[in-house]
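Here is structure_11.csv, consisting of CSV, C-alpha atoms:
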```csv
chain,number,residue,atom,x,y,z
A,1,ALA,CA,-4.0,-6.0,-7.7
A,2,GLN,CA,-2.6,-7.2,-4.4
A,3,LYS,CA,0.7,-5.6,-3.5
A,4,ILE,CA,1.8,-8.5,-1.3
A,5,THR,CA,0.7,-12.1,-1.7
A,6,GLN,CA,1.3,-14.8,0.8
A,7,THR,CA,-0.2,-18.0,-0.6
A,8,GLN,CA,0.3,-20.2,2.4
A,9,PRO,CA,-2.4,-19.6,5.1
A,10,GLY,CA,-0.9,-22.2,7.3
A,11,MET,CA,2.2,-24.4,7.4
A,12,PHE,CA,3.6,-27.1,9.7
A,13,VAL,CA,7.3,-27.8,10.2
A,14,GLN,CA,9.1,-30.3,12.4
A,15,GLU,CA,11.3,-28.9,15.1
A,16,LYS,CA,14.9,-28.4,13.9
A,17,GLU,CA,14.0,-28.5,10.2
A,18,ALA,CA,14.2,-25.5,7.9
A,19,VAL,CA,11.0,-23.9,6.4
A,20,THR,CA,10.4,-21.4,3.7
A,21,LEU,CA,7.5,-19.0,3.8
A,22,ASP,CA,6.5,-17.6,0.4
A,23,CYS,CA,6.0,-13.9,-0.5
A,24,THR,CA,5.5,-12.3,-3.8
A,25,TYR,CA,5.1,-8.6,-4.4
A,26,ASP,CA,3.9,-6.2,-7.0
A,27,THR,CA,5.4,-2.8,-7.6
A,28,SER,CA,6.6,-0.6,-10.5
A,29,ASP,CA,9.0,1.3,-8.3
A,30,GLN,CA,12.7,0.8,-8.6
A,31,SER,CA,13.4,1.6,-5.0
A,32,TYR,CA,11.5,-0.4,-2.4
A,33,GLY,CA,12.0,-2.3,0.8
A,34,LEU,CA,10.8,-5.7,1.8
A,35,PHE,CA,10.2,-6.7,5.4
A,36,TRP,CA,9.2,-9.7,7.4
A,37,TYR,CA,7.4,-9.5,10.7
A,38,LYS,CA,6.5,-12.1,13.3
A,39,GLN,CA,3.3,-12.0,15.3
A,40,PRO,CA,3.2,-14.5,18.2
A,41,SER,CA,-0.1,-15.4,19.9
A,42,SER,CA,0.5,-12.5,22.3
A,43,GLY,CA,-0.2,-10.1,19.5
A,44,GLU,CA,2.8,-7.9,19.2
A,45,MET,CA,4.5,-7.3,15.8
A,46,ILE,CA,8.2,-8.2,15.8
A,47,PHE,CA,10.5,-7.1,13.0
A,48,LEU,CA,12.6,-9.9,11.7
A,49,ILE,CA,14.5,-9.0,8.5
A,50,TYR,CA,14.8,-6.4,5.8
A,51,GLN,CA,15.9,-6.5,2.1
A,52,GLY,CA,16.4,-3.4,0.0
A,53,SER,CA,15.6,-3.5,-3.7
A,54,TYR,CA,19.2,-2.5,-4.5
A,55,ASP,CA,20.8,-5.0,-2.2
A,56,GLU,CA,22.7,-7.6,-4.2
A,57,GLN,CA,23.1,-10.0,-1.3
A,58,ASN,CA,20.3,-11.8,0.4
A,59,ALA,CA,19.7,-10.5,3.9
A,60,THR,CA,20.4,-12.7,6.8
A,61,GLU,CA,19.7,-12.2,10.6
A,62,GLY,CA,20.6,-15.2,12.7
A,63,ARG,CA,18.4,-18.1,11.7
A,64,TYR,CA,16.4,-15.9,9.3
A,65,SER,CA,17.3,-15.3,5.7
A,66,LEU,CA,15.5,-13.7,2.9
A,67,ASN,CA,15.6,-15.3,-0.5
A,68,PHE,CA,15.3,-12.3,-2.8
A,69,GLN,CA,14.5,-13.0,-6.4
A,70,LYS,CA,14.0,-9.6,-7.9
A,71,ALA,CA,13.1,-10.7,-11.5
A,72,ARG,CA,10.4,-13.0,-10.0
A,73,LYS,CA,9.3,-10.4,-7.5
A,74,SER,CA,9.6,-12.8,-4.6
A,75,ALA,CA,11.0,-12.4,-1.1
A,76,ASN,CA,10.7,-15.7,0.7
A,77,LEU,CA,11.6,-16.0,4.3
A,78,VAL,CA,13.7,-19.0,5.3
A,79,ILE,CA,13.9,-20.1,8.9
A,80,SER,CA,16.6,-22.6,9.6
A,81,ALA,CA,16.6,-25.0,12.5
A,82,SER,CA,13.0,-24.3,13.5
A,83,GLN,CA,12.2,-23.9,17.2
A,84,LEU,CA,8.9,-24.3,19.1
A,85,GLY,CA,9.0,-20.6,19.8
A,86,ASP,CA,8.9,-19.9,16.0
A,87,SER,CA,5.2,-20.9,16.0
A,88,ALA,CA,3.5,-17.6,15.1
A,89,MET,CA,1.9,-15.6,12.2
A,90,TYR,CA,4.4,-14.3,9.8
A,91,PHE,CA,3.7,-11.2,7.6
A,92,CYS,CA,5.6,-10.1,4.6
A,93,ALA,CA,5.5,-6.3,3.9
A,94,MET,CA,6.7,-3.9,1.3
A,95,ARG,CA,7.5,-0.2,1.5
A,96,GLU,CA,7.4,1.5,-1.8
A,97,GLY,CA,9.7,4.2,-3.1
A,98,GLY,CA,10.8,7.4,-1.4
A,99,GLY,CA,8.7,9.7,0.7
A,100,PHE,CA,6.4,8.3,3.3
A,101,ASN,CA,7.1,4.8,4.3
A,102,LYS,CA,3.7,3.5,3.2
A,103,PHE,CA,3.7,-0.2,4.0
A,104,TYR,CA,1.6,-2.9,2.4
A,105,PHE,CA,1.1,-6.1,4.3
A,106,GLY,CA,0.3,-9.6,3.1
A,107,SER,CA,-2.4,-11.7,4.7
A,108,GLY,CA,0.1,-13.7,6.7
A,109,THR,CA,1.2,-17.3,7.1
A,110,LYS,CA,0.5,-19.2,10.3
A,111,LEU,CA,3.5,-21.4,11.1
A,112,ASN,CA,3.2,-24.3,13.5
A,113,VAL,CA,6.4,-26.0,14.7
A,114,LYS,CA,5.8,-29.6,15.8
A,115,PRO,CA,8.0,-31.2,18.5
B,1,ASN,CA,12.9,4.3,25.6
B,2,ALA,CA,9.3,3.1,25.8
B,3,GLY,CA,9.1,2.9,22.0
B,4,VAL,CA,5.5,3.0,20.8
B,5,THR,CA,2.8,3.0,23.4
B,6,GLN,CA,-1.0,2.6,22.9
B,7,THR,CA,-3.9,3.0,25.2
B,8,PRO,CA,-6.2,1.4,26.0
B,9,LYS,CA,-5.3,-2.2,25.5
B,10,PHE,CA,-8.9,-3.3,25.3
B,11,GLN,CA,-12.2,-1.4,24.7
B,12,VAL,CA,-15.8,-2.3,24.3
B,13,LEU,CA,-18.1,0.3,22.7
B,14,LYS,CA,-21.8,0.4,21.8
B,15,THR,CA,-22.8,1.3,18.3
B,16,GLY,CA,-22.8,5.1,17.8
B,17,GLN,CA,-20.4,5.9,20.6
B,18,SER,CA,-17.2,7.8,19.9
B,19,MET,CA,-13.8,7.3,21.4
B,20,THR,CA,-10.1,8.1,20.9
B,21,LEU,CA,-7.3,5.6,20.7
B,22,GLN,CA,-4.1,7.0,22.0
B,23,CYS,CA,-0.7,6.5,20.5
B,24,ALA,CA,2.7,8.0,21.5
B,25,GLN,CA,6.3,7.4,20.5
B,26,ASP,CA,9.5,8.6,22.1
B,27,MET,CA,11.9,7.9,19.3
B,28,ASN,CA,11.5,11.2,17.5
B,29,HIS,CA,10.1,9.5,14.4
B,30,GLU,CA,8.6,11.6,11.7
B,31,TYR,CA,6.3,9.0,10.3
B,32,MET,CA,3.4,7.5,12.2
B,33,SER,CA,0.6,5.2,11.0
B,34,TRP,CA,-2.6,3.5,12.2
B,35,TYR,CA,-3.5,0.0,11.0
B,36,ARG,CA,-6.3,-2.3,11.6
B,37,GLN,CA,-5.9,-6.0,11.7
B,38,ASP,CA,-8.8,-8.3,10.8
B,39,PRO,CA,-8.7,-12.1,10.7
B,40,GLY,CA,-7.2,-13.3,7.4
B,41,MET,CA,-6.6,-9.8,6.0
B,42,GLY,CA,-3.2,-8.8,7.4
B,43,LEU,CA,-2.8,-5.1,8.4
B,44,ARG,CA,-4.6,-2.4,6.5
B,45,LEU,CA,-3.5,1.2,6.7
B,46,ILE,CA,-6.1,3.6,8.0
B,47,HIS,CA,-4.4,7.0,8.2
B,48,TYR,CA,-0.8,8.1,8.4
B,49,SER,CA,1.3,11.2,9.1
B,50,VAL,CA,4.6,12.3,7.8
B,51,GLY,CA,5.1,14.9,10.5
B,52,ALA,CA,3.4,17.2,12.9
B,53,GLY,CA,0.4,18.9,11.2
B,54,ILE,CA,0.5,16.6,8.2
B,55,THR,CA,-1.9,13.6,7.8
B,56,ASP,CA,-3.3,11.7,5.0
B,57,GLN,CA,-5.7,8.8,4.3
B,58,GLY,CA,-4.7,5.2,3.9
B,59,GLU,CA,-6.6,2.3,2.4
B,60,VAL,CA,-9.6,2.2,4.9
B,61,PRO,CA,-10.1,5.8,6.3
B,62,ASN,CA,-13.9,5.9,6.5
B,63,GLY,CA,-15.2,6.4,10.0
B,64,TYR,CA,-11.9,7.5,11.5
B,65,ASN,CA,-10.2,10.8,12.0
B,66,VAL,CA,-6.6,11.7,13.0
B,67,SER,CA,-4.6,14.7,13.9
B,68,ARG,CA,-1.0,15.2,14.7
B,69,SER,CA,-0.2,18.3,16.8
B,70,THR,CA,3.1,17.0,18.1
B,71,THR,CA,5.8,14.7,16.8
B,72,GLU,CA,5.2,12.3,19.7
B,73,ASP,CA,1.4,11.8,19.6
B,74,PHE,CA,-1.0,10.5,16.9
B,75,PRO,CA,-4.5,9.8,18.2
B,76,LEU,CA,-7.1,7.9,16.2
B,77,ARG,CA,-10.7,9.0,16.7
B,78,LEU,CA,-13.7,6.8,16.0
B,79,LEU,CA,-16.5,9.2,15.2
B,80,SER,CA,-19.5,6.9,15.5
B,81,ALA,CA,-18.5,3.3,16.2
B,82,ALA,CA,-20.0,0.5,14.1
B,83,PRO,CA,-19.7,-3.3,14.5
B,84,SER,CA,-17.6,-3.3,11.3
B,85,GLN,CA,-14.9,-1.4,13.3
B,86,THR,CA,-14.4,-4.4,15.6
B,87,SER,CA,-10.7,-5.1,15.1
B,88,VAL,CA,-7.3,-4.9,16.6
B,89,TYR,CA,-5.7,-1.5,16.0
B,90,PHE,CA,-2.0,-1.0,15.7
B,91,CYS,CA,-0.1,2.2,15.8
B,92,ALA,CA,3.4,2.3,14.2
B,93,SER,CA,6.2,4.8,13.7
B,94,SER,CA,9.3,5.0,11.6
B,95,SER,CA,12.1,7.4,10.8
B,96,ASN,CA,12.5,9.3,7.6
B,97,LEU,CA,15.3,7.6,5.6
B,98,GLY,CA,14.3,9.2,2.3
B,99,SER,CA,14.3,6.9,-0.6
B,100,GLY,CA,17.0,4.7,0.8
B,101,ALA,CA,17.1,1.5,2.7
B,102,GLY,CA,15.8,0.5,6.0
B,103,GLY,CA,13.1,2.4,7.8
B,104,GLU,CA,11.4,-0.5,9.5
B,105,GLN,CA,8.2,0.3,11.4
B,106,PHE,CA,8.0,0.0,15.1
B,107,PHE,CA,4.7,-1.2,16.4
B,108,GLY,CA,2.7,-0.5,19.5
B,109,PRO,CA,1.2,-3.4,21.4
B,110,GLY,CA,-2.2,-2.9,19.8
B,111,THR,CA,-5.7,-2.1,21.0
B,112,ARG,CA,-8.4,-4.7,20.8
B,113,LEU,CA,-11.7,-3.0,20.1
B,114,THR,CA,-15.2,-4.6,20.2
B,115,VAL,CA,-18.2,-2.7,19.0
B,116,LEU,CA,-21.5,-4.1,20.1
```
Now that the file is in, can you turn its structure into C-alpha cells?
Amino acid sequence: AQKITQTQPGMFVQEKEAVTLDCTYDTSDQSYGLFWYKQPSSGEMIFLIYQGSYDEQNATEGRYSLNFQKARKSANLVISASQLGDSAMYFCAMREGGGFNKFYFGSGTKLNVKP
Amino acid sequence: NAGVTQTPKFQVLKTGQSMTLQCAQDMNHEYMSWYRQDPGMGLRLIHYSVGAGITDQGEVPNGYNVSRSTTEDFPLRLLSAAPSQTSVYFCASSSNLGSGAGGEQFFGPGTRLTVL
C-alpha cells in the first residue's frame, strides 16, 4: 500500500486566493511526522512545514498551514493568498516512528498560480 | 554553512560505465540518504545511513552502492550504469531527534544523470 497519497497531479489557483493540496498517509505507528516540501522549477527541495503526530494544534508557517486530521489520516497543505512564486511542485512526506528518519514521499502536486 | 552539497550537477554516462556521485554535509547530521526522483513518482529512497560505518538499503537499492566512512560524506556509486538509472538524484541529511518531533531533511541541489 502507498504510504503517502497525493491525488491531485495538477491544480490551478487564482493569485491571492487560497488553495488546499491534499495528502493522505498510511501508518500503524503512533509516533510519526508529516512534512511538506516545495520544489520550484529550479529543482531544489524547500522545506515548508512540519506536523508531529502528537501535536494537538495544526501547524502554521506564515501563509502555509497544515490541516491535520489524525483519524482520517490526512495532512492537507493550505496556502493562503497565493502568489505567482507559489507555482511549483509540492510533496507531502512522512517520517515513521523513532530511529532512522526514513521518509516516504508522495508523487506530488503541481500547482499553477494564475495572475 | 554550505549545508548539503552534491557534485556533479549534471552527468552523462554510457551504458556499463561506473561513477560516483558525491555528497557532503557540514551540519554534523547523523542521518544521510540518497533518493532518486523520476517523473510522476516523487522521491524514492535508494540507500541511507544512520552514522559513520552504518548503511542500509531503501526502496530501490539495486545497482547502487554506498559507504560512509565519515559523518560528513556519503557517496553513491553506480556500478554499471543502465538507461533505467536516468534520473535526478538527491542527497539529504537530518539530525537524530530520536522518536520525537522535527528532524526535517535538508536536501542537496541534486544531480541530473543521463545514461545513454
Problem set entry | B:Met32 environment, 8 Å, only C-alpha atoms, sequence neighbours closer than 6 positions dropped, as a PyMOL selection string | chain B and resi 48-51+74+91-94
For this session: Give the answer as one residue: which of B:Gly42, B:Gln37, B:Glu104, B:Tyr31 has the shortest atom-to-atom distance to A:Ile4, using only C-alpha atoms?
Result: B:Gly42
For this session: Would you list the residues near (12.0, 5.9, 18.0) (no more than 8 Å away, in the coordinates of the file, using all atoms listed in the file) as an NGL selection string?
Result: :B and (1 or 3-4 or 25-29 or 93-95 or 106)
With C-alpha atoms retained, write the just-selected residues as a compact mmCIF listing (two decimals), in the coordinates of the input.
```txt
# COMPACT_ATOMS: atom_id res chain seq x y z
CA ASN B 1 12.90 4.30 25.60
CA GLY B 3 9.10 2.90 22.00
CA VAL B 4 5.50 3.00 20.80
CA GLN B 25 6.30 7.40 20.50
CA ASP B 26 9.50 8.60 22.10
CA MET B 27 11.90 7.90 19.30
CA ASN B 28 11.50 11.20 17.50
CA HIS B 29 10.10 9.50 14.40
CA SER B 93 6.20 4.80 13.70
CA SER B 94 9.30 5.00 11.60
CA SER B 95 12.10 7.40 10.80
CA PHE B 106 8.00 0.00 15.10
```
Problem set entry | A:Gln2, A:Leu111, A:Asp55, A:Gln14 ranked by distance to A:Ser87, top pick (using all atoms listed in the file) |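 Closest to A:Ser87 of all the choices is A:Leu111.
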For this session: For each of A:Ala18, A:Met45, A:Ala88, A:Ala93, take the minimum atom-to-atom distance to chain B, counting all atoms listed in the file, then give the residue where this is smallest.
Result: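 Answer, going by the shortest atom-to-atom distance: A:Met45.
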Sorted by chain and rising residue number, which residues of chain A lie within 12 Å of chain B, and what are their closest atom pairs and distances in Å to one decimal, counting only C-alpha atoms, as JSON lines?
```
{"residue": "A:Gln2", "atom": "CA", "partner": "B:Met41", "partner_atom": "CA", "distance": 11.4}
{"residue": "A:Lys3", "atom": "CA", "partner": "B:Arg44", "partner_atom": "CA", "distance": 11.8}
{"residue": "A:Ile4", "atom": "CA", "partner": "B:Gly42", "partner_atom": "CA", "distance": 10.0}
{"residue": "A:Thr5", "atom": "CA", "partner": "B:Gly42", "partner_atom": "CA", "distance": 10.4}
{"residue": "A:Gln6", "atom": "CA", "partner": "B:Gly42", "partner_atom": "CA", "distance": 10.0}
{"residue": "A:Thr7", "atom": "CA", "partner": "B:Gly40", "partner_atom": "CA", "distance": 11.6}
{"residue": "A:Gln8", "atom": "CA", "partner": "B:Gly40", "partner_atom": "CA", "distance": 11.4}
{"residue": "A:Pro9", "atom": "CA", "partner": "B:Gly40", "partner_atom": "CA", "distance": 8.2}
{"residue": "A:Gly10", "atom": "CA", "partner": "B:Gly40", "partner_atom": "CA", "distance": 10.9}
{"residue": "A:Asp29", "atom": "CA", "partner": "B:Ser99", "partner_atom": "CA", "distance": 10.9}
{"residue": "A:Gln30", "atom": "CA", "partner": "B:Ser99", "partner_atom": "CA", "distance": 10.2}
{"residue": "A:Ser31", "atom": "CA", "partner": "B:Ser99", "partner_atom": "CA", "distance": 6.9}
{"residue": "A:Tyr32", "atom": "CA", "partner": "B:Ala101", "partner_atom": "CA", "distance": 7.8}
{"residue": "A:Gly33", "atom": "CA", "partner": "B:Ala101", "partner_atom": "CA", "distance": 6.6}
{"residue": "A:Leu34", "atom": "CA", "partner": "B:Gly102", "partner_atom": "CA", "distance": 9.0}
{"residue": "A:Phe35", "atom": "CA", "partner": "B:Glu104", "partner_atom": "CA", "distance": 7.5}
{"residue": "A:Trp36", "atom": "CA", "partner": "B:Glu104", "partner_atom": "CA", "distance": 9.7}
{"residue": "A:Tyr37", "atom": "CA", "partner": "B:Gln105", "partner_atom": "CA", "distance": 9.9}
{"residue": "A:Lys38", "atom": "CA", "partner": "B:Phe107", "partner_atom": "CA", "distance": 11.5}
{"residue": "A:Gln39", "atom": "CA", "partner": "B:Gly42", "partner_atom": "CA", "distance": 10.7}
{"residue": "A:Pro40", "atom": "CA", "partner": "B:Pro109", "partner_atom": "CA", "distance": 11.7}
{"residue": "A:Ser42", "atom": "CA", "partner": "B:Pro109", "partner_atom": "CA", "distance": 9.2}
{"residue": "A:Gly43", "atom": "CA", "partner": "B:Pro109", "partner_atom": "CA", "distance": 7.1}
{"residue": "A:Glu44", "atom": "CA", "partner": "B:Pro109", "partner_atom": "CA", "distance": 5.3}
{"residue": "A:Met45", "atom": "CA", "partner": "B:Phe107", "partner_atom": "CA", "distance": 6.1}
{"residue": "A:Ile46", "atom": "CA", "partner": "B:Phe107", "partner_atom": "CA", "distance": 7.8}
{"residue": "A:Phe47", "atom": "CA", "partner": "B:Glu104", "partner_atom": "CA", "distance": 7.5}
{"residue": "A:Leu48", "atom": "CA", "partner": "B:Glu104", "partner_atom": "CA", "distance": 9.7}
{"residue": "A:Ile49", "atom": "CA", "partner": "B:Glu104", "partner_atom": "CA", "distance": 9.1}
{"residue": "A:Tyr50", "atom": "CA", "partner": "B:Gly102", "partner_atom": "CA", "distance": 7.0}
{"residue": "A:Gln51", "atom": "CA", "partner": "B:Gly102", "partner_atom": "CA", "distance": 8.0}
{"residue": "A:Gly52", "atom": "CA", "partner": "B:Ala101", "partner_atom": "CA", "distance": 5.6}
{"residue": "A:Ser53", "atom": "CA", "partner": "B:Ala101", "partner_atom": "CA", "distance": 8.3}
{"residue": "A:Tyr54", "atom": "CA", "partner": "B:Ala101", "partner_atom": "CA", "distance": 8.5}
{"residue": "A:Asp55", "atom": "CA", "partner": "B:Ala101", "partner_atom": "CA", "distance": 8.9}
{"residue": "A:Ala59", "atom": "CA", "partner": "B:Gly102", "partner_atom": "CA", "distance": 11.9}
{"residue": "A:Met89", "atom": "CA", "partner": "B:Gly42", "partner_atom": "CA", "distance": 9.8}
{"residue": "A:Tyr90", "atom": "CA", "partner": "B:Gly42", "partner_atom": "CA", "distance": 9.7}
{"residue": "A:Phe91", "atom": "CA", "partner": "B:Gly42", "partner_atom": "CA", "distance": 7.3}
{"residue": "A:Cys92", "atom": "CA", "partner": "B:Gly42", "partner_atom": "CA", "distance": 9.3}
{"residue": "A:Ala93", "atom": "CA", "partner": "B:Leu43", "partner_atom": "CA", "distance": 9.5}
{"residue": "A:Met94", "atom": "CA", "partner": "B:Glu104", "partner_atom": "CA", "distance": 10.0}
{"residue": "A:Arg95", "atom": "CA", "partner": "B:Gly103", "partner_atom": "CA", "distance": 8.8}
{"residue": "A:Glu96", "atom": "CA", "partner": "B:Ser99", "partner_atom": "CA", "distance": 8.8}
{"residue": "A:Gly97", "atom": "CA", "partner": "B:Ser99", "partner_atom": "CA", "distance": 5.9}
{"residue": "A:Gly98", "atom": "CA", "partner": "B:Ser99", "partner_atom": "CA", "distance": 3.6}
{"residue": "A:Gly99", "atom": "CA", "partner": "B:Gly98", "partner_atom": "CA", "distance": 5.8}
{"residue": "A:Phe100", "atom": "CA", "partner": "B:Val50", "partner_atom": "CA", "distance": 6.3}
{"residue": "A:Asn101", "atom": "CA", "partner": "B:Gly103", "partner_atom": "CA", "distance": 7.3}
{"residue": "A:Lys102", "atom": "CA", "partner": "B:Tyr48", "partner_atom": "CA", "distance": 8.3}
{"residue": "A:Phe103", "atom": "CA", "partner": "B:Leu45", "partner_atom": "CA", "distance": 7.8}
{"residue": "A:Tyr104", "atom": "CA", "partner": "B:Arg44", "partner_atom": "CA", "distance": 7.4}
{"residue": "A:Phe105", "atom": "CA", "partner": "B:Leu43", "partner_atom": "CA", "distance": 5.7}
{"residue": "A:Gly106", "atom": "CA", "partner": "B:Gly42", "partner_atom": "CA", "distance": 5.6}
{"residue": "A:Ser107", "atom": "CA", "partner": "B:Gly42", "partner_atom": "CA", "distance": 4.0}
{"residue": "A:Gly108", "atom": "CA", "partner": "B:Gly42", "partner_atom": "CA", "distance": 5.9}
{"residue": "A:Thr109", "atom": "CA", "partner": "B:Gly40", "partner_atom": "CA", "distance": 9.3}
{"residue": "A:Lys110", "atom": "CA", "partner": "B:Gly40", "partner_atom": "CA", "distance": 10.1}
```
For this session: For atom CA of B:Gln57 and atom CA of B:Leu13, determine how far apart the two atoms are, in Å to one decimal place.
Result: 23.8 Å
For this session: Go ahead and compute the interatomic distance for atom CA of A:Gly62 and atom CA of A:Pro115, in Å to one decimal.
Result: 21.2 Å
Exercise. Within 6 Å of A:Ser82, counting only C-alpha atoms, which residues qualify if same-chain residues fewer than 5 places away don't, as a ChimeraX atom specification?
Worked result: /A:15-18
For this session: May I ask for the distance between atom CA of B:Cys23 and atom CA of B:Glu72, given in Å to one decimal place?
Result: 8.3 Å
For this session: Would you please work out which residue, of A:Met11, A:Leu66, A:Leu77, A:Leu21, is nearest to A:Val113 when using all atoms listed in the file?
Result: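 Comparing A:Met11, A:Leu66, A:Leu77, A:Leu21 against A:Val113, the winner is A:Met11.
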